[in-house]
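Have a look at the structure below before the remarks.
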Amino acid sequence: MIDMQFKNKLRRDDAKFHVSILSFAGIELIVPQSEILSIESIYELETNHGNERHIGVIHKQDIKLPVYCFSKSMDIYKSLPEDRFQCVVLKHDEVMFSLLCYEITNAVISDIEFHNIPICMNNNLIPLTHLCMYKGADGARKLGMVTSTVCLNEYINKLK
Amino acid sequence: MNTDDKGVTAWLLQVDRLVNVAIGQFELIHIIDKPDYMPIPQAPEYCKDVVLWNSNIVPVMSLASWLTSEMQLDSTGVVAIVVYEDKQGKHKFGGIKLSNAPVQAKVNNGQQCQLTGDFDKWRKVSLSSFKSKAGDIVPIIDVSKLFSRVLLS
């Protein structure tokens with residue numbers, strides 16, 4: 001069963017889902033648009049030189065926010081790749097952190113189908129809530145990986 | 001399965017350079033040549049990809065990776081799409097990476113053998129096993145078990 005609360009979070013009216021697509025390292029993560037606090041194209045990253053998992057911090061609303069950077073396999077990078085042009089601030093309730101991305105696009109998708117992660121691969125380490133099929137801009141069916149701020153935060157904490 | 005005096009028909013799937021497994025004749029429903037894999041981050045190495053097939057999201061098993069616990073290069077890029085019933089009795093689809101195109105074979109009771117030595121690992125996902133005409137041990141895969149949580153434990 002797909003979590004209705006999650007579906008409702010993505011949906012703003014009866015038929016359409018409002019999502020943001022975070023692209024980096026050749027992958028795309030779909031998150032609810034309502035969880036995007038801001039997108040920073042010009043960001044001042046205070047690089048971390050300690051043993052923390054984050055790559056550094058940015059200042060947002062007088063708070064130092066940890067900034068994370070993932071590889072294609074969602075391992076945490078400790079040094080900054082050249083192709084991370086945008087910094088997205090994700091927020092859900094008290095959970096707030098930033099991710100470095102190549103690109104962030106907003107989309108309204110009317111034709112999307114959510115699927116649970118197949119049980120044979122679900123080792124509880126996968127930082128996704130669902131997989132999905134949706135119609136891309138070119139009209140072709142696409143596979144997508146759906147996640148959320150809470151899911152990513154739990155994943156980061158597991159890595160700590 | 002179709003039976004006659006020579007035995008039942010099965011599909012032989014070459015999953016590794018040296019290993020064939022068998023599944024029932026009607027469990028193999030399609031072959032995809034050079035599929036578009038979507039890797040799922042942090043998924044187990046032996047099941048790290050899904051493919052889109054007939055409006056289904058299909059997990060793809062690399063039994064070669066499972067056997068060796070190592071990453072395998074996708075040699076031919078052929079995936080067998082198989083069908084099975086889950087615990088709720090619903091039809092589900094899975095993919096198995098192959099080294100070669102599948103071939104059909106007749107299998108009879110006289111060929112039955114035990115899984116021994118290197119093949120011990122197959123007990124987790126096998127219904128039975130037999131000796132091929134070339135003398136190799138061939139596990140008969142329980143497809144629904146293969147795509148359950150059994151390999152995760």
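Within each chain, counting starts at residue 1; across the structure tokens, chains are named A, B, ... in the order shown, with ligands numbered 1 upward in that order.
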Distance-based interface of chain A with chain B, 6 Å, counting only C-alpha atoms, as a list in words
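Here is what falls inside 6 Å: Ser73, Met74, Ile119, Cys120, Met121 and Ile126 of chain A.
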Next, dump the selected residues to file, keeping only C-alpha atoms, as a PDB file, in the first residue's frame.
ATOM      1  CA  SER A  73      25.195   5.716  -5.504  1.00  0.00           C
ATOM      2  CA  MET A  74      24.236   8.213  -2.771  1.00  0.00           C
ATOM      3  CA  ILE A 119      10.889  -6.319  -1.471  1.00  0.00           C
ATOM      4  CA  CYS A 120      13.793  -8.340  -2.871  1.00  0.00           C
ATOM      5  CA  MET A 121      15.972  -5.199  -2.941  1.00  0.00           C
ATOM      6  CA  ILE A 126      17.748   2.694   0.240  1.00  0.00           C
TER       7      ILE A 126
END
Report as a PyMOL selection string all protein, DNA and RNA residues lying within 8 Å of Leu127 of chain B, evaluated on only C-alpha atoms, omitting residues in the same chain fewer than 3 positions from it.
chain B and resi 123+139-142
Just to be explicit: take each residue in the selection above, keep N, CA and C atoms, and write the result as a tab-separated table (two decimals), in the first residue's frame.
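This is the output file part.tsv:
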chain	number	residue	atom	x	y	z
B	123	ARG	N	20.49	-23.67	-2.23
B	123	ARG	CA	19.37	-24.24	-1.47
B	123	ARG	C	18.35	-23.19	-1.08
B	139	PRO	N	20.48	-26.00	-10.68
B	139	PRO	CA	19.41	-25.75	-9.71
B	139	PRO	C	18.12	-25.32	-10.41
B	140	ILE	N	16.99	-25.82	-9.92
B	140	ILE	CA	15.68	-25.37	-10.43
B	140	ILE	C	15.21	-24.27	-9.48
B	141	ILE	N	15.05	-23.08	-10.03
B	141	ILE	CA	14.82	-21.91	-9.19
B	141	ILE	C	13.35	-21.79	-8.78
B	142	ASP	N	13.14	-21.49	-7.50
B	142	ASP	CA	11.82	-21.11	-7.00
B	142	ASP	C	11.72	-19.60	-7.22
Residues of segment 17-160 of chain A in strand (DSSP E), written as a PyMOL selection string:
chain A and resi 17-24+27-32+36-40+46-47+56-60+63-68+86-92+95-101+103-109+112-115+130-135+141-146
Counting only C-alpha atoms, the residue of A:Val57, A:Ile109, A:Lys158, A:Ser148 that sits nearest Leu125 of chain A
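Checking each candidate against Leu125 of chain A, we get A:Lys158 as the closest.
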12 Å contact set for Arg53 of chain A, only C-alpha atoms, chain neighbours under 6 positions out, as a PyMOL selection string
chain A and resi 47+66-70+75-79+155-160
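Around Leu63 of chain B, within 9 Å and counting only C-alpha atoms, the residues found are Val15, Asp16, Tyr46, Cys47, Trp66, Leu67, Thr68, Ile96, Lys97 and Leu98 of chain B, once anything fewer than 3 positions away on its own chain is removed.
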Compile the contact shell of Asp120 of chain B as a short mmCIF file (atom, residue, chain, number, x, y, z; two decimals) with N, CA and C atoms, in the first residue's frame: residues with an atom at most 12 Å away, counting only C-alpha atoms, same-chain residues fewer than 4 positions apart removed.
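Final output, out17.cif:
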data_model
loop_
_atom_site.label_atom_id
_atom_site.label_comp_id
_atom_site.auth_asym_id
_atom_site.auth_seq_id
_atom_site.Cartn_x
_atom_site.Cartn_y
_atom_site.Cartn_z
N LEU B 67 26.27 -14.93 -6.38
CA LEU B 67 27.14 -16.10 -6.18
C LEU B 67 28.53 -15.71 -5.70
N GLN B 114 21.53 -34.01 -5.99
CA GLN B 114 21.63 -33.16 -4.79
C GLN B 114 22.48 -31.92 -5.11
N LEU B 115 22.16 -30.85 -4.37
CA LEU B 115 23.02 -29.65 -4.46
C LEU B 115 24.17 -29.82 -3.49
N THR B 116 25.36 -29.93 -4.00
CA THR B 116 26.51 -30.17 -3.11
C THR B 116 27.62 -29.16 -3.42
N LYS B 124 18.82 -21.96 -0.82
CA LYS B 124 17.95 -20.86 -0.40
C LYS B 124 16.84 -20.57 -1.41
N VAL B 125 17.14 -20.77 -2.68
CA VAL B 125 16.19 -20.34 -3.72
C VAL B 125 15.83 -21.45 -4.70
N SER B 126 16.15 -22.70 -4.32
CA SER B 126 15.90 -23.80 -5.27
C SER B 126 14.76 -24.69 -4.82
N SER B 128 14.61 -27.78 -6.44
CA SER B 128 15.26 -29.06 -6.64
C SER B 128 16.46 -28.83 -7.56
N SER B 129 17.06 -29.90 -8.03
CA SER B 129 18.18 -29.74 -8.97
C SER B 129 18.32 -31.00 -9.81
N ILE B 137 25.57 -29.64 -12.60
CA ILE B 137 24.43 -29.52 -11.68
C ILE B 137 23.66 -28.25 -12.04
N VAL B 138 22.34 -28.40 -12.18
CA VAL B 138 21.49 -27.26 -12.54
C VAL B 138 20.41 -27.08 -11.47
N PRO B 139 20.48 -26.00 -10.68
CA PRO B 139 19.41 -25.75 -9.71
C PRO B 139 18.12 -25.32 -10.41
#
What is the distance, in Å and to one decimal place, between atom CA of Arg17 of chain B and atom CA of Phe93 of chain B?
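If I compute the distance from atom CA of Arg17 of chain B to atom CA of Phe93 of chain B, I get 24.6 Å.
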Spatial neighbours of Glu85 of chain B, max dist 7 Å, only C-alpha atoms, sep filter under 6 positions, as a short mmCIF file (atom, residue, chain, number, x, y, z; two decimals) with C-alpha atoms, in the first residue's frame:
data_model
loop_
_atom_site.label_atom_id
_atom_site.label_comp_id
_atom_site.auth_asym_id
_atom_site.auth_seq_id
_atom_site.Cartn_x
_atom_site.Cartn_y
_atom_site.Cartn_z
CA HIS B 91 1.17 -11.90 -10.36
CA LYS B 92 4.51 -10.10 -10.19
CA SER B 144 8.77 -16.43 -6.06
#
Need the shell around Asp136 of chain B: protein/DNA/RNA residues with any atom at most 9 Å away, counting only C-alpha atoms. Skip same-chain ones fewer than 4 positions apart. Format as a PyMOL selection string?
chain B and resi 19-20+130-132
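Shortest atom-to-atom contact with Ile63 of chain A among A:Phe17, A:Phe97, A:Tyr134, A:Phe114: A:Phe97, counting only C-alpha atoms.
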Two-atom distance - atom CA of Glu52 of chain A, atom CA of Phe85 of chain A (Å)
22.0 Å
Length of the atom CA of Leu22 of chain A to atom CA of Leu131 of chain A vector [Å]:
14.7 Å
